[in-house]
Amino acid sequence: MFDARSAPEVTMTPLSDKAELVTNEAPMDGCTDCHDKPALVNRRGLTIITAAVFIVGEMAGGGILSLPAALKSAGWSGIMLLLFCAFLSAYTGVILGRSWQILKDRFPFYREHIRYPYPAIGFEAMGKAGRIAVTICVNVTLFSVTTVFLLVASDLFGGLLVKVHVHVSSCVWIPIFAIGLCPLTWLGTPKDFWPIAAGAAVSTGVACVLIVVQEIVDIGSVPDVQHPSPTFQSFFTAFGAILFAFGGHAIFPTVQHDMKDTRKFHWTVLVAYTIVVLYYLPVSVGGYVVYGDQLEPNILDTLTGGTITTIVIVMIMLHLTMGVIIVINPFCQEIEELLKIPLRFGWKRIVLRTVVMAAVVFLAETIPKFSVILNLIGGTTVTLLTFVFPSLFYVLLRIRPSPDGAWCPKNIAIWEYILHAEIILVGLVGGVASTYSEIYEIATAEGPTLSLPCYVVRNGTAG
């Protein structure tokens, strides 16, 4: 088998120049179908269920908090919008997995440990431009999500302490949480810390059940509940929030690459999205029905205070802290690849990942209301990673032939072309409209949408 480490000069060679590498696996007596090759099994890898747990653990937490308010912005049509985004996101997750499988089948060195699977898909589909575009989108998304997870977890913990009359700014808890989580970020790849992903998924599930219970308890206790019709701006702002809630594609190829049998990734997506929809739908619809226009951007600020709500906060906080470890891992792996840091555990990995966490802390302390910017990311990088890139890359990988006949372009039915074109169009139009709506809301907001950095002292108090 070809060893990419013994010939690093070919690892970034265009697709047509690497076709001969397939000769190590298949005869060149005509066009072959890479999908007819037997599956390679990594016995130490993730199962369908454990891989699905990673996806649930990465996606579900933030959406639980923001989706009820998204339904308020979109009105009753938001229910169909949520299901529509879930279906399209799941479908593009499946075809993204097929794209990665195409690479593994065609080029043996992709079967080794690869730290940058999504950028590799972009590279083989569109060359250097595709790799750069994916790298920027993936890293901006993962770094931003990690920052928000750390911020929200710190805010929630500070709020819990207020209930016992301990008043400490969340700016203080941000570095404390980061220091506690940092050693766990040193773990290598997803298969090394799957129990953390399981904990994130379970804690979110418990939180969802308790939120629905509290919503049922609050029925009739909220006066003058209204369900107004959405505006253009509010609808597409909701679209961005819902899309972001299903925007876990940045880590999908990394999780798939760690599976025992990567050909079964479509089952992983099916299991994961079924669980996520079962989490999202009751919480969102119940919140919108019970609280209506009185929903706050964070559902936790709307629920009636009490024991149930306190337990929910603890569960969400646990999910977010474990989510930090899950989300930052692919980001760190790609930087390690860039800096040629060895795969094995060592001081270089410790230093690099500690520096990354320090950078996350700095950003969190600089922009304490980073969630405002995250809404913009939902309409830009997440839209590209979730809707545009998977369909575009999949079609390009299927229709591009090998000059030496190692494989032939696959026939794509007209309906498939139309379907992928519509998915890309939905992503582009929805992303642009969502970004515009969010910028409009920021520009027309009555109060400040951003706050001073934590390290800026004002009147003797940290901003």
# chains A, B, ... in the order shown; residues from 1 in each chain; ligands from 1

call {"tool": "residues_around", "arguments": {"residues": "Ala70 in chain A", "least_positions_apart": "4", "cutoff": "7 Å", "atoms": "only C-alpha atoms", "output": "mmCIF file with N, CA, C and O atoms, in the first residue's frame"}}
result
data_model
loop_
_atom_site.group_PDB
_atom_site.id
_atom_site.type_symbol
_atom_site.label_atom_id
_atom_site.label_comp_id
_atom_site.auth_asym_id
_atom_site.auth_seq_id
_atom_site.Cartn_x
_atom_site.Cartn_y
_atom_site.Cartn_z
ATOM 1 N N SER A 66 -31.587 27.799 21.227
ATOM 2 C CA SER A 66 -31.970 28.871 20.306
ATOM 3 C C SER A 66 -33.160 28.562 19.405
ATOM 4 O O SER A 66 -33.802 29.486 18.900
ATOM 5 N N ALA A 74 -39.922 32.713 12.863
ATOM 6 C CA ALA A 74 -40.439 32.170 11.604
ATOM 7 C C ALA A 74 -41.936 31.896 11.636
ATOM 8 O O ALA A 74 -42.542 31.645 10.587
ATOM 9 N N ALA A 238 -34.358 33.408 11.319
ATOM 10 C CA ALA A 238 -34.700 32.083 11.843
ATOM 11 C C ALA A 238 -34.067 30.986 10.999
ATOM 12 O O ALA A 238 -33.585 29.974 11.531
ATOM 13 N N ALA A 241 -30.544 30.515 12.090
ATOM 14 C CA ALA A 241 -30.458 29.835 13.385
ATOM 15 C C ALA A 241 -30.753 28.345 13.250
ATOM 16 O O ALA A 241 -30.078 27.501 13.855
ATOM 17 N N ILE A 242 -31.779 28.005 12.445
ATOM 18 C CA ILE A 242 -32.128 26.596 12.258
ATOM 19 C C ILE A 242 -31.038 25.869 11.490
ATOM 20 O O ILE A 242 -30.663 24.736 11.831
#

call {"tool": "closest_residue", "arguments": {"among": "A:Phe149, A:Phe239, A:Phe107, A:Phe157", "to": "Gly75 in chain A", "atoms": "only C-alpha atoms"}}
result
A:Phe239

call {"tool": "residues_around", "arguments": {"residues": "Val138 in chain A", "least_positions_apart": "6", "cutoff": "9 Å", "atoms": "only C-alpha atoms", "output": "list in words"}}
result
Tyr118, Pro119, His249, Ala250, Ile251, Pro330, Phe331, Thr381, Val382 and Leu385 of chain A

call {"tool": "closest_residue", "arguments": {"among": "A:Arg398, A:Asp261, A:His165, A:Gly379", "to": "Val429 in chain A", "atoms": "only C-alpha atoms"}}
result
A:Gly379

call {"tool": "closest_residue", "arguments": {"among": "A:His319, A:Lys72, A:His266, A:Arg111", "to": "Leu156 in chain A", "atoms": "only C-alpha atoms"}}
result
A:His319

call {"tool": "closest_residue", "arguments": {"among": "A:Arg115, A:Met317, A:Thr185, A:Ser234", "to": "Ala153 in chain A", "atoms": "only C-alpha atoms"}}
result
A:Met317

call {"tool": "atom_distance", "arguments": {"atom1": "CA of Ile102 in chain A", "atom2": "CA of Gly247 in chain A"}}
result
22.4 Å

call {"tool": "atom_distance", "arguments": {"atom1": "CA of Gly63 in chain A", "atom2": "CA of Cys208 in chain A"}}
result
10.9 Å

call {"tool": "atom_distance", "arguments": {"atom1": "CA of Leu65 in chain A", "atom2": "CA of Glu365 in chain A"}}
result
21.7 Å
